[in-house]
file model_3.cif (mmCIF, C-alpha atoms (C1' of nucleotides))
data_my_file
#
loop_
_atom_site.label_atom_id
_atom_site.label_comp_id
_atom_site.auth_asym_id
_atom_site.auth_seq_id
_atom_site.Cartn_x
_atom_site.Cartn_y
_atom_site.Cartn_z
CA MET A 27 225.74 -15.42 77.79
CA ASN A 28 225.43 -19.05 78.72
CA GLU A 29 228.84 -20.26 79.73
CA SER A 30 228.02 -23.95 79.34
CA ILE A 31 227.50 -23.65 75.60
CA TYR A 32 231.06 -22.43 75.21
CA LEU A 33 232.27 -25.28 77.39
CA ALA A 34 230.44 -27.83 75.30
CA ARG A 35 231.80 -26.37 72.09
CA ALA A 36 235.29 -26.17 73.51
CA ARG A 37 235.14 -29.81 74.55
CA LEU A 38 234.28 -30.74 71.01
CA MET A 39 236.95 -28.54 69.50
CA LYS A 40 239.57 -29.84 71.88
CA ALA A 41 238.81 -33.38 70.81
CA LEU A 42 239.56 -32.27 67.25
CA SER A 43 242.63 -30.23 68.06
CA HIS A 44 245.22 -32.91 67.42
CA PRO A 45 246.57 -33.99 64.03
CA ALA A 46 246.24 -37.67 64.84
CA ARG A 47 242.62 -37.34 65.83
CA LEU A 48 241.83 -35.29 62.76
CA ARG A 49 243.42 -38.01 60.70
CA ILE A 50 241.36 -40.68 62.37
CA VAL A 51 238.18 -38.75 61.65
CA ASP A 52 239.32 -38.31 58.09
CA GLN A 53 239.81 -42.04 57.73
CA LEU A 54 236.42 -42.79 59.23
CA ALA A 55 234.89 -40.48 56.67
CA SER A 56 235.66 -43.23 54.15
CA GLY A 57 233.93 -45.88 56.22
CA GLU A 58 234.31 -48.07 59.25
CA ARG A 59 237.78 -48.81 60.54
CA CYS A 60 239.20 -50.71 63.48
CA LEU A 61 242.25 -49.68 65.45
CA CYS A 62 244.38 -52.35 63.84
CA GLU A 63 243.53 -50.99 60.40
CA LEU A 64 244.36 -47.44 61.41
CA GLN A 65 247.60 -48.32 63.14
CA PRO A 66 249.78 -48.72 60.03
CA LEU A 67 248.95 -45.13 59.09
CA PHE A 68 250.40 -43.76 62.29
CA GLU A 69 253.79 -43.76 63.89
CA GLN A 70 252.49 -43.70 67.43
CA ASP A 71 252.11 -46.69 69.66
CA LYS A 72 248.79 -48.49 69.50
CA SER A 73 248.07 -47.51 73.10
CA THR A 74 248.45 -43.86 72.16
CA LEU A 75 246.15 -44.40 69.23
CA SER A 76 243.66 -46.12 71.49
CA ARG A 77 243.64 -43.08 73.73
CA HIS A 78 243.04 -40.73 70.82
CA ILE A 79 240.12 -42.89 69.78
CA SER A 80 238.87 -42.86 73.32
CA ALA A 81 238.93 -39.07 73.30
CA LEU A 82 236.80 -39.01 70.18
CA ARG A 83 234.39 -41.51 71.68
CA GLN A 84 234.04 -39.55 74.90
CA VAL A 85 232.71 -36.49 73.13
CA GLY A 86 230.43 -38.60 70.96
CA ILE A 87 232.19 -38.02 67.67
CA VAL A 88 232.71 -41.71 66.96
CA SER A 89 230.73 -44.75 67.96
CA GLU A 90 231.67 -48.38 67.74
CA ARG A 91 230.52 -51.83 66.79
CA ARG A 92 232.20 -54.97 68.02
CA GLU A 93 232.93 -57.74 65.57
CA GLY A 94 234.91 -60.51 67.16
CA ALA A 95 238.13 -59.22 68.58
CA ARG A 96 237.87 -56.11 66.46
CA ILE A 97 235.99 -52.96 67.30
CA TYR A 98 234.87 -51.08 64.25
CA LEU A 99 234.65 -47.34 64.58
CA ARG A 100 232.42 -44.99 62.66
CA LEU A 101 231.49 -41.34 62.73
CA ALA A 102 228.52 -40.93 65.03
CA THR A 103 227.65 -37.56 63.54
CA PRO A 104 228.78 -37.38 59.93
CA CYS A 105 227.97 -33.66 59.94
CA ILE A 106 231.27 -33.36 61.75
CA LEU A 107 232.78 -33.41 58.28
CA GLN A 108 231.25 -30.03 57.59
CA ILE A 109 233.66 -28.64 60.13
CA PHE A 110 236.49 -29.72 57.88
CA ASP A 111 234.98 -27.79 55.03
CA CYS A 112 234.76 -24.76 57.28
CA LEU A 113 238.36 -25.20 58.33
CA ASN A 114 239.45 -25.39 54.73
CA GLY A 115 237.53 -22.23 54.00
CA VAL A 116 239.28 -20.39 56.80
CA LEU A 117 242.68 -21.74 55.85
CA GLN A 118 242.17 -20.75 52.23
CA ALA A 119 241.06 -17.28 53.25
CA GLU A 120 244.21 -16.96 55.31
CA ALA A 121 246.35 -18.18 52.47
CA LYS A 122 244.77 -15.61 50.21
CA ARG A 123 245.45 -12.82 52.68
CA THR A 124 249.01 -14.00 53.13
CA ALA A 125 249.49 -13.96 49.39
CA GLN A 126 248.30 -10.36 49.28
CA TRP A 127 250.90 -9.45 51.84
CA LEU A 128 253.59 -11.10 49.81
CA GLU A 129 252.73 -9.96 46.31
CA PRO A 130 253.61 -6.29 46.79
CA GLU A 131 257.07 -7.30 47.93
CA MET A 132 257.38 -9.63 44.99
CA ALA A 133 256.74 -6.72 42.65
CA GLU A 134 259.72 -4.73 43.94
CA MET B 23 248.02 -38.33 53.12
CA ASN B 24 249.62 -34.97 53.63
CA GLU B 25 250.45 -34.62 57.27
CA SER B 26 250.81 -30.84 57.17
CA ILE B 27 247.16 -30.30 56.36
CA TYR B 28 246.20 -32.03 59.58
CA LEU B 29 248.72 -29.93 61.44
CA ALA B 30 247.30 -26.73 60.01
CA ARG B 31 243.77 -27.76 60.85
CA ALA B 32 244.77 -28.85 64.33
CA ARG B 33 246.46 -25.52 64.94
CA LEU B 34 243.24 -23.76 64.04
CA MET B 35 241.10 -26.09 66.13
CA LYS B 36 243.39 -25.74 69.09
CA ALA B 37 243.03 -21.99 68.96
CA LEU B 38 239.28 -22.50 69.26
CA SER B 39 239.39 -25.17 71.93
CA HIS B 40 238.96 -22.94 74.94
CA PRO B 41 235.70 -21.47 76.23
CA ALA B 42 237.21 -18.02 76.70
CA ARG B 43 238.51 -17.91 73.14
CA LEU B 44 235.20 -19.11 71.76
CA ARG B 45 233.52 -16.36 73.71
CA ILE B 46 235.87 -13.77 72.33
CA VAL B 47 235.13 -14.90 68.81
CA ASP B 48 231.44 -14.80 69.59
CA GLN B 49 231.75 -11.23 70.78
CA LEU B 50 233.71 -10.20 67.71
CA ALA B 51 230.92 -11.64 65.60
CA SER B 52 228.90 -8.61 66.72
CA GLY B 53 231.62 -6.18 65.70
CA GLU B 54 234.95 -4.74 66.68
CA ARG B 55 236.00 -4.91 70.30
CA CYS B 56 239.09 -3.95 72.24
CA LEU B 57 240.49 -5.88 75.15
CA CYS B 58 239.21 -3.36 77.65
CA GLU B 59 235.70 -3.81 76.34
CA LEU B 60 235.92 -7.59 76.52
CA GLN B 61 237.44 -7.69 79.96
CA PRO B 62 234.26 -7.05 81.98
CA LEU B 63 232.73 -10.15 80.40
CA PHE B 64 235.45 -12.40 81.76
CA GLU B 65 236.62 -13.33 85.20
CA GLN B 66 240.20 -13.88 84.17
CA ASP B 67 243.00 -11.39 84.50
CA LYS B 68 243.54 -9.02 81.60
CA SER B 69 246.92 -10.59 80.97
CA THR B 70 245.29 -13.96 80.52
CA LEU B 71 242.79 -12.42 78.17
CA SER B 72 245.59 -10.79 76.24
CA ARG B 73 247.23 -14.17 75.75
CA HIS B 74 244.00 -15.72 74.55
CA ILE B 75 243.67 -12.92 72.04
CA SER B 76 247.27 -13.43 71.03
CA ALA B 77 246.51 -17.10 70.36
CA LEU B 78 243.67 -16.13 68.05
CA ARG B 79 245.85 -13.59 66.29
CA GLN B 80 248.67 -16.06 65.77
CA VAL B 81 246.49 -18.41 63.76
CA GLY B 82 245.01 -15.54 61.82
CA ILE B 83 241.49 -15.75 63.21
CA VAL B 84 241.46 -12.16 64.38
CA SER B 85 243.20 -9.08 63.09
CA GLU B 86 243.55 -5.70 64.70
CA ARG B 87 243.39 -1.99 64.19
CA ARG B 88 245.02 0.46 66.52
CA GLU B 89 243.12 3.51 67.63
CA GLY B 90 245.00 5.48 70.19
CA ALA B 91 245.84 3.37 73.18
CA ARG B 92 243.16 0.88 72.20
CA ILE B 93 243.55 -1.99 69.80
CA TYR B 94 240.34 -2.96 68.14
CA LEU B 95 239.99 -6.60 67.22
CA ARG B 96 237.89 -8.07 64.46
CA LEU B 97 237.36 -11.44 62.84
CA ALA B 98 239.82 -11.77 60.00
CA THR B 99 237.82 -14.56 58.40
CA PRO B 100 234.16 -14.20 59.25
CA CYS B 101 233.55 -17.62 57.74
CA ILE B 102 234.93 -18.88 61.03
CA LEU B 103 231.41 -18.41 62.30
CA GLN B 104 230.24 -21.25 60.10
CA ILE B 105 232.24 -23.53 62.36
CA PHE B 106 229.95 -22.56 65.20
CA ASP B 107 226.96 -23.62 63.16
CA CYS B 108 228.66 -26.93 62.49
CA LEU B 109 229.41 -27.35 66.17
CA ASN B 110 225.80 -26.69 67.05
CA GLY B 111 224.73 -29.25 64.51
CA VAL B 112 226.98 -31.87 66.03
CA LEU B 113 225.96 -31.01 69.57
CA GLN B 114 222.29 -31.18 68.66
CA ALA B 115 222.77 -34.52 66.97
CA GLU B 116 224.45 -35.79 70.10
CA ALA B 117 221.68 -34.45 72.28
CA LYS B 118 219.15 -36.23 70.13
CA ARG B 119 221.02 -39.51 70.38
CA THR B 120 221.37 -39.11 74.13
CA ALA B 121 217.64 -38.54 74.39
CA GLN B 122 217.05 -41.79 72.54
CA TRP B 123 219.18 -43.61 75.07
CA LEU B 124 217.23 -42.10 77.93
CA GLU B 125 213.65 -42.44 76.68
CA PRO B 126 213.45 -46.23 76.95
CA GLU B 127 214.44 -46.00 80.60
CA MET B 128 211.91 -43.26 81.16
CA ALA B 129 209.18 -45.56 79.87
CA GLU B 130 209.80 -48.21 82.51
"C1'" DG C 23 254.21 13.32 84.09
"C1'" DC C 24 250.24 10.54 84.38
"C1'" DA C 25 246.28 7.69 83.33
"C1'" DT C 26 244.63 4.21 80.13
"C1'" DT C 27 245.40 0.24 77.50
"C1'" DA C 28 247.82 -3.78 76.17
"C1'" DT C 29 251.86 -7.05 76.31
"C1'" DT C 30 255.61 -9.68 78.45
"C1'" DG C 31 258.32 -12.16 82.13
"C1'" DT C 32 257.98 -15.47 85.65
"C1'" DG C 33 256.54 -19.15 88.40
"C1'" DC C 34 253.17 -22.61 89.53
"C1'" DA C 35 249.54 -26.00 89.10
"C1'" DA C 36 246.91 -28.71 86.09
"C1'" DT C 37 246.41 -31.10 81.91
"C1'" DA C 38 247.81 -33.64 77.85
"C1'" DA C 39 250.73 -36.73 74.91
"C1'" DT C 40 253.56 -40.59 74.63
"C1'" DG C 41 255.71 -45.26 75.09
"C1'" DC C 42 256.27 -49.29 77.67
"C1'" DT C 43 254.25 -52.91 79.99
"C1'" DA C 44 250.69 -55.65 81.69
"C1'" DC C 45 246.13 -57.12 81.23
"C1'" DA C 46 241.47 -58.31 79.22
"C1'" DT C 47 238.58 -60.22 75.38
"C1'" DT C 48 237.71 -62.72 71.47
"C1'" DG C 49 238.11 -66.34 68.07
"C1'" DC C 50 240.62 -70.07 66.08
"C1'" DG C 51 243.05 -74.37 65.78
"C1'" DT C 52 244.14 -78.59 67.78
"C1'" DA D 10 238.67 -77.60 76.77
"C1'" DC D 11 243.21 -75.49 76.25
"C1'" DG D 12 246.52 -72.68 74.49
"C1'" DC D 13 247.62 -69.08 71.51
"C1'" DA D 14 247.55 -65.18 68.49
"C1'" DA D 15 245.20 -60.94 67.53
"C1'" DT D 16 243.03 -56.91 69.17
"C1'" DG D 17 242.16 -53.35 72.25
"C1'" DT D 18 242.45 -51.07 77.02
"C1'" DA D 19 244.49 -49.57 81.51
"C1'" DG D 20 248.36 -48.43 84.73
"C1'" DC D 21 252.44 -46.03 85.19
"C1'" DA D 22 256.27 -42.76 84.60
"C1'" DT D 23 258.11 -39.08 81.84
"C1'" DT D 24 257.97 -35.04 79.34
"C1'" DA D 25 255.68 -31.14 77.15
"C1'" DT D 26 252.07 -27.92 76.98
"C1'" DT D 27 248.51 -24.92 78.79
"C1'" DG D 28 246.08 -21.74 81.76
"C1'" DC D 29 246.51 -18.61 85.23
"C1'" DA D 30 247.75 -14.55 88.30
"C1'" DC D 31 250.82 -11.13 89.70
"C1'" DA D 32 254.08 -7.87 88.66
"C1'" DA D 33 256.78 -5.27 85.49
"C1'" DT D 34 257.09 -3.14 81.15
"C1'" DA D 35 255.66 -0.84 76.77
"C1'" DA D 36 252.72 2.39 73.94
"C1'" DT D 37 249.52 6.07 73.49
"C1'" DG D 38 247.17 10.47 74.36
"C1'" DC D 39 246.23 14.32 77.37
#

call {"tool": "encode", "arguments": {"input": "model_3.cif", "output": "structure tokens"}}
result
Amino acid sequence: MNESIYLARARLMKALSHPARLRIVDQLASGERCLCELQPLFEQDKSTLSRHISALRQVGIVSERREGARIYLRLATPCILQIFDCLNGVLQAEAKRTAQWLEPEMAE
Amino acid sequence: MNESIYLARARLMKALSHPARLRIVDQLASGERCLCELQPLFEQDKSTLSRHISALRQVGIVSERREGARIYLRLATPCILQIFDCLNGVLQAEAKRTAQWLEPEMAE
DNA sequence: GCATTATTGTGCAATAATGCTACATTGCGT
DNA sequence: ACGCAATGTAGCATTATTGCACAATAATGC
């Protein structure tokens, strides 16, 4: 029906379609973090990290709070974490189906 | 921690990060469809549609059943639909926050 | 053989990811 | 106040990926 709803959803999904960004969100699930705290966890350059954060900010997934030179990030909509649960559910379902494909061969 | 989990999740998210693919999933939520049935709903070429479908198949979101020349698609893990609910939740939360930013200006 | 349905090959334009560098902002110490 | 270190962002070039259409190629049933 309404095309814009799919666009809005896709924008959100795209922001979450990169391992680094998923990791950032995962970290923020434990509480506020600034870029400099996140950086040691990643191999990428800090500028790259900054851009990933920017992508999350642009779609409203994270918001920020300045404290001196640091900018502390937090999840703007903690319900975003439910998506992770959904993802896990799907991945587990897939794993289960894959196992069913493999078992019969194992039996031979 | 484990990098591969973020990769797996990102792969799944990426498959859902395009309006056309979200639309396909939405259609399949109502039941089986073949490409030729989906095509009228989209402006893109059938080959493009086929590739979108292929992307969904590759990550295990949809599976298929051949019936003559037609290949009927269905959601392999219907729990994928929960992700849509999550997305809506996030989008609504954002809309609410945006409204709060706008209201004060409206009052002046 | 022929029509219907779906996939694949190819090329092109647009987008995204990355690192390096330079720059801005802030707070601290002197 | 000044310089300096720490923190984050922006510009740029490079490379990789994605989305797309058109055409060619399968696969199926009649």

call {"tool": "residues_around", "arguments": {"input": "model_3.cif", "residues": "Ser30 (chain A)", "least_positions_apart": "6", "cutoff": "12 Å", "atoms": "all atoms listed in the file", "output": "JSON list (two decimals) with C-alpha atoms, keeping the file's coordinate frame"}}
result
[["chain", "number", "residue", "atom", "x", "y", "z"],
["A", 36, "ALA", "CA", 235.29, -26.17, 73.51],
["A", 37, "ARG", "CA", 235.14, -29.81, 74.55],
["B", 40, "HIS", "CA", 238.96, -22.94, 74.94],
["B", 41, "PRO", "CA", 235.70, -21.47, 76.23],
["B", 42, "ALA", "CA", 237.21, -18.02, 76.70],
["B", 44, "LEU", "CA", 235.20, -19.11, 71.76],
["B", 45, "ARG", "CA", 233.52, -16.36, 73.71]]

call {"tool": "closest_atom_pairs", "arguments": {"input": "model_3.cif", "of": "chain D", "to": "chain A", "cutoff": "12 Å", "atoms": "all atoms listed in the file", "output": "Markdown table"}}
result
| residue | atom | partner | partner_atom | distance |
| --- | --- | --- | --- | --- |
| D:DA14 | C1' | A:Ala95 | CA | 11.1 |
| D:DA15 | C1' | A:Ala95 | CA | 7.4 |
| D:DT16 | C1' | A:Ala95 | CA | 5.4 |
| D:DG17 | C1' | A:Ser76 | CA | 7.4 |
| D:DT18 | C1' | A:Ser76 | CA | 7.5 |
| D:DA19 | C1' | A:Ser73 | CA | 9.4 |
| D:DG20 | C1' | A:Ser73 | CA | 11.7 |

call {"tool": "calpha_fit_and_write", "arguments": {"input": "model_3.cif", "fixed": "chain A", "moving": "chain B", "output": "JSON list (two decimals) with C-alpha atoms, in the frame of the given file"}}
result
[["chain", "number", "residue", "atom", "x", "y", "z"],
["B", 23, "MET", "CA", 225.71, -15.47, 77.83],
["B", 24, "ASN", "CA", 225.46, -19.10, 78.77],
["B", 25, "GLU", "CA", 228.88, -20.29, 79.74],
["B", 26, "SER", "CA", 228.08, -23.98, 79.35],
["B", 27, "ILE", "CA", 227.54, -23.69, 75.62],
["B", 28, "TYR", "CA", 231.09, -22.47, 75.21],
["B", 29, "LEU", "CA", 232.30, -25.30, 77.38],
["B", 30, "ALA", "CA", 230.47, -27.86, 75.28],
["B", 31, "ARG", "CA", 231.81, -26.39, 72.08],
["B", 32, "ALA", "CA", 235.32, -26.19, 73.48],
["B", 33, "ARG", "CA", 235.16, -29.83, 74.52],
["B", 34, "LEU", "CA", 234.27, -30.77, 70.97],
["B", 35, "MET", "CA", 236.94, -28.54, 69.46],
["B", 36, "LYS", "CA", 239.56, -29.86, 71.81],
["B", 37, "ALA", "CA", 238.80, -33.39, 70.72],
["B", 38, "LEU", "CA", 239.54, -32.28, 67.17],
["B", 39, "SER", "CA", 242.62, -30.24, 67.96],
["B", 40, "HIS", "CA", 245.21, -32.89, 67.28],
["B", 41, "PRO", "CA", 246.53, -33.97, 63.88],
["B", 42, "ALA", "CA", 246.23, -37.66, 64.72],
["B", 43, "ARG", "CA", 242.60, -37.32, 65.76],
["B", 44, "LEU", "CA", 241.78, -35.30, 62.66],
["B", 45, "ARG", "CA", 243.36, -38.02, 60.60],
["B", 46, "ILE", "CA", 241.32, -40.68, 62.32],
["B", 47, "VAL", "CA", 238.15, -38.78, 61.60],
["B", 48, "ASP", "CA", 239.25, -38.36, 58.01],
["B", 49, "GLN", "CA", 239.75, -42.09, 57.69],
["B", 50, "LEU", "CA", 236.37, -42.84, 59.23],
["B", 51, "ALA", "CA", 234.83, -40.55, 56.65],
["B", 52, "SER", "CA", 235.58, -43.32, 54.15],
["B", 53, "GLY", "CA", 233.89, -45.96, 56.28],
["B", 54, "GLU", "CA", 234.27, -48.14, 59.32],
["B", 55, "ARG", "CA", 237.75, -48.86, 60.60],
["B", 56, "CYS", "CA", 239.18, -50.71, 63.55],
["B", 57, "LEU", "CA", 242.24, -49.67, 65.47],
["B", 58, "CYS", "CA", 244.36, -52.35, 63.88],
["B", 59, "GLU", "CA", 243.50, -51.03, 60.45],
["B", 60, "LEU", "CA", 244.32, -47.46, 61.41],
["B", 61, "GLN", "CA", 247.56, -48.30, 63.13],
["B", 62, "PRO", "CA", 249.73, -48.73, 60.01],
["B", 63, "LEU", "CA", 248.88, -45.16, 59.02],
["B", 64, "PHE", "CA", 250.36, -43.74, 62.21],
["B", 65, "GLU", "CA", 253.78, -43.72, 63.74],
["B", 66, "GLN", "CA", 252.52, -43.63, 67.29],
["B", 67, "ASP", "CA", 252.14, -46.60, 69.57],
["B", 68, "LYS", "CA", 248.82, -48.43, 69.46],
["B", 69, "SER", "CA", 248.16, -47.40, 73.04],
["B", 70, "THR", "CA", 248.48, -43.77, 72.07],
["B", 71, "LEU", "CA", 246.14, -44.35, 69.18],
["B", 72, "SER", "CA", 243.69, -46.06, 71.49],
["B", 73, "ARG", "CA", 243.66, -43.00, 73.72],
["B", 74, "HIS", "CA", 243.07, -40.69, 70.79],
["B", 75, "ILE", "CA", 240.14, -42.85, 69.77],
["B", 76, "SER", "CA", 238.90, -42.81, 73.33],
["B", 77, "ALA", "CA", 238.97, -39.00, 73.26],
["B", 78, "LEU", "CA", 236.80, -38.98, 70.15],
["B", 79, "ARG", "CA", 234.42, -41.48, 71.69],
["B", 80, "GLN", "CA", 234.08, -39.51, 74.90],
["B", 81, "VAL", "CA", 232.74, -36.46, 73.10],
["B", 82, "GLY", "CA", 230.47, -38.59, 70.97],
["B", 83, "ILE", "CA", 232.20, -38.02, 67.65],
["B", 84, "VAL", "CA", 232.72, -41.71, 66.99],
["B", 85, "SER", "CA", 230.74, -44.74, 68.02],
["B", 86, "GLU", "CA", 231.68, -48.38, 67.80],
["B", 87, "ARG", "CA", 230.54, -51.83, 66.89],
["B", 88, "ARG", "CA", 232.23, -54.93, 68.15],
["B", 89, "GLU", "CA", 232.95, -57.75, 65.77],
["B", 90, "GLY", "CA", 234.93, -60.48, 67.38],
["B", 91, "ALA", "CA", 238.15, -59.17, 68.79],
["B", 92, "ARG", "CA", 237.89, -56.10, 66.59],
["B", 93, "ILE", "CA", 236.02, -52.94, 67.39],
["B", 94, "TYR", "CA", 234.87, -51.10, 64.33],
["B", 95, "LEU", "CA", 234.65, -47.35, 64.64],
["B", 96, "ARG", "CA", 232.41, -45.03, 62.71],
["B", 97, "LEU", "CA", 231.47, -41.37, 62.75],
["B", 98, "ALA", "CA", 228.51, -40.94, 65.05],
["B", 99, "THR", "CA", 227.63, -37.58, 63.54],
["B", 100, "PRO", "CA", 228.75, -37.44, 59.93],
["B", 101, "CYS", "CA", 227.94, -33.74, 59.91],
["B", 102, "ILE", "CA", 231.25, -33.40, 61.71],
["B", 103, "LEU", "CA", 232.75, -33.47, 58.25],
["B", 104, "GLN", "CA", 231.21, -30.10, 57.52],
["B", 105, "ILE", "CA", 233.64, -28.69, 60.06],
["B", 106, "PHE", "CA", 236.47, -29.76, 57.80],
["B", 107, "ASP", "CA", 234.95, -27.81, 54.96],
["B", 108, "CYS", "CA", 234.72, -24.79, 57.22],
["B", 109, "LEU", "CA", 238.32, -25.23, 58.26],
["B", 110, "ASN", "CA", 239.41, -25.39, 54.65],
["B", 111, "GLY", "CA", 237.48, -22.24, 53.95],
["B", 112, "VAL", "CA", 239.22, -20.41, 56.75],
["B", 113, "LEU", "CA", 242.63, -21.73, 55.80],
["B", 114, "GLN", "CA", 242.12, -20.74, 52.19],
["B", 115, "ALA", "CA", 241.02, -17.27, 53.21],
["B", 116, "GLU", "CA", 244.15, -16.95, 55.29],
["B", 117, "ALA", "CA", 246.31, -18.17, 52.45],
["B", 118, "LYS", "CA", 244.76, -15.58, 50.19],
["B", 119, "ARG", "CA", 245.41, -12.80, 52.67],
["B", 120, "THR", "CA", 248.98, -13.97, 53.16],
["B", 121, "ALA", "CA", 249.49, -13.90, 49.41],
["B", 122, "GLN", "CA", 248.31, -10.31, 49.36],
["B", 123, "TRP", "CA", 250.91, -9.42, 51.95],
["B", 124, "LEU", "CA", 253.63, -11.08, 49.92],
["B", 125, "GLU", "CA", 252.81, -9.86, 46.41],
["B", 126, "PRO", "CA", 253.77, -6.22, 46.96],
["B", 127, "GLU", "CA", 257.20, -7.33, 48.11],
["B", 128, "MET", "CA", 257.51, -9.62, 45.13],
["B", 129, "ALA", "CA", 256.92, -6.67, 42.83],
["B", 130, "GLU", "CA", 259.91, -4.73, 44.11]]

call {"tool": "residues_around", "arguments": {"input": "model_3.cif", "residues": "Ala77 (chain B)", "least_positions_apart": "2", "cutoff": "12 Å", "atoms": "all atoms listed in the file", "output": "list of chain:residue names"}}
result
B:Arg33, B:Leu34, B:Met35, B:Lys36, B:Ala37, B:Leu38, B:Ser39, B:His40, B:Ala42, B:Arg43, B:Leu44, B:Ile46, B:Val47, B:Thr70, B:Leu71, B:Ser72, B:Arg73, B:His74, B:Ile75, B:Arg79, B:Gln80, B:Val81, B:Gly82, B:Ile83, B:Val84, B:Ser85, D:DT27

call {"tool": "residues_around", "arguments": {"input": "model_3.cif", "residues": "DG51 (chain C)", "least_positions_apart": "2", "cutoff": "10 Å", "atoms": "only C-alpha atoms (C1' of nucleotides)", "output": "PyMOL selection string"}}
result
(chain C and resi 49) or (chain D and resi 12-13)

call {"tool": "write_last_selection", "arguments": {"input": "model_3.cif", "atoms": "C-alpha atoms (C1' of nucleotides)", "output": "compact mmCIF listing (two decimals), in the coordinates of the input"}}
result
# COMPACT_ATOMS: atom_id res chain seq x y z
C1' DG C 49 238.11 -66.34 68.07
C1' DG D 12 246.52 -72.68 74.49
C1' DC D 13 247.62 -69.08 71.51

call {"tool": "resolve_selection", "arguments": {"input": "model_3.cif", "expression": "the PyMOL selection byres ((chain C) within 7 of (chain A))", "output": "ChimeraX atom specification"}}
result
/C:40-41,47-49

call {"tool": "atom_distance", "arguments": {"input": "model_3.cif", "atom1": "C1' of DA28 (chain C)", "atom2": "CA of Ala125 (chain A)"}}
result
28.7 Å

call {"tool": "closest_residue", "arguments": {"input": "model_3.cif", "among": "B:Asn24, B:Gln61, B:Ser52, B:Gln122", "to": "chain A", "atoms": "all atoms listed in the file"}}
result
B:Asn24

call {"tool": "decode", "arguments": {"input": "model_3.cif", "residues": "region 100-112 of chain B", "atoms": "N, CA, C and O atoms", "output": "PDB file, in the first residue's frame"}}
result
ATOM      1  N   PRO B 100       8.078 -17.304   9.928  1.00  0.00           N
ATOM      2  CA  PRO B 100       7.048 -16.265  10.083  1.00  0.00           C
ATOM      3  C   PRO B 100       7.352 -15.299  11.231  1.00  0.00           C
ATOM      4  O   PRO B 100       6.818 -14.194  11.254  1.00  0.00           O
ATOM      5  N   CYS B 101       8.207 -15.719  12.156  1.00  0.00           N
ATOM      6  CA  CYS B 101       8.507 -14.815  13.259  1.00  0.00           C
ATOM      7  C   CYS B 101       9.246 -13.578  12.768  1.00  0.00           C
ATOM      8  O   CYS B 101       9.440 -12.620  13.516  1.00  0.00           O
ATOM      9  N   ILE B 102       9.594 -13.603  11.496  1.00  0.00           N
ATOM     10  CA  ILE B 102      10.218 -12.406  10.908  1.00  0.00           C
ATOM     11  C   ILE B 102       9.251 -11.230  10.989  1.00  0.00           C
ATOM     12  O   ILE B 102       9.658 -10.067  11.034  1.00  0.00           O
ATOM     13  N   LEU B 103       7.984 -11.539  11.031  1.00  0.00           N
ATOM     14  CA  LEU B 103       6.982 -10.472  11.068  1.00  0.00           C
ATOM     15  C   LEU B 103       7.034  -9.688  12.373  1.00  0.00           C
ATOM     16  O   LEU B 103       6.631  -8.525  12.431  1.00  0.00           O
ATOM     17  N   GLN B 104       7.550 -10.331  13.411  1.00  0.00           N
ATOM     18  CA  GLN B 104       7.690  -9.615  14.679  1.00  0.00           C
ATOM     19  C   GLN B 104       8.621  -8.419  14.513  1.00  0.00           C
ATOM     20  O   GLN B 104       8.479  -7.406  15.188  1.00  0.00           O
ATOM     21  N   ILE B 105       9.578  -8.575  13.608  1.00  0.00           N
ATOM     22  CA  ILE B 105      10.516  -7.472  13.393  1.00  0.00           C
ATOM     23  C   ILE B 105       9.772  -6.232  12.907  1.00  0.00           C
ATOM     24  O   ILE B 105      10.090  -5.116  13.300  1.00  0.00           O
ATOM     25  N   PHE B 106       8.753  -6.460  12.092  1.00  0.00           N
ATOM     26  CA  PHE B 106       7.965  -5.321  11.632  1.00  0.00           C
ATOM     27  C   PHE B 106       7.304  -4.610  12.799  1.00  0.00           C
ATOM     28  O   PHE B 106       7.270  -3.382  12.859  1.00  0.00           O
ATOM     29  N   ASP B 107       6.768  -5.392  13.719  1.00  0.00           N
ATOM     30  CA  ASP B 107       6.151  -4.783  14.894  1.00  0.00           C
ATOM     31  C   ASP B 107       7.178  -3.959  15.654  1.00  0.00           C
ATOM     32  O   ASP B 107       6.893  -2.845  16.091  1.00  0.00           O
ATOM     33  N   CYS B 108       8.374  -4.514  15.797  1.00  0.00           N
ATOM     34  CA  CYS B 108       9.435  -3.778  16.481  1.00  0.00           C
ATOM     35  C   CYS B 108       9.733  -2.483  15.747  1.00  0.00           C
ATOM     36  O   CYS B 108       9.831  -1.408  16.359  1.00  0.00           O
ATOM     37  N   LEU B 109       9.850  -2.586  14.429  1.00  0.00           N
ATOM     38  CA  LEU B 109      10.143  -1.399  13.635  1.00  0.00           C
ATOM     39  C   LEU B 109       9.075  -0.333  13.859  1.00  0.00           C
ATOM     40  O   LEU B 109       9.385   0.841  14.065  1.00  0.00           O
ATOM     41  N   ASN B 110       7.830  -0.765  13.816  1.00  0.00           N
ATOM     42  CA  ASN B 110       6.752   0.196  14.032  1.00  0.00           C
ATOM     43  C   ASN B 110       6.881   0.849  15.391  1.00  0.00           C
ATOM     44  O   ASN B 110       6.682   2.053  15.527  1.00  0.00           O
ATOM     45  N   GLY B 111       7.212   0.051  16.378  1.00  0.00           N
ATOM     46  CA  GLY B 111       7.382   0.602  17.715  1.00  0.00           C
ATOM     47  C   GLY B 111       8.436   1.689  17.737  1.00  0.00           C
ATOM     48  O   GLY B 111       8.216   2.771  18.287  1.00  0.00           O
ATOM     49  N   VAL B 112       9.560   1.408  17.105  1.00  0.00           N
ATOM     50  CA  VAL B 112      10.648   2.383  17.071  1.00  0.00           C
ATOM     51  C   VAL B 112      10.223   3.627  16.309  1.00  0.00           C
ATOM     52  O   VAL B 112      10.438   4.757  16.754  1.00  0.00           O
TER      53      VAL B 112
END
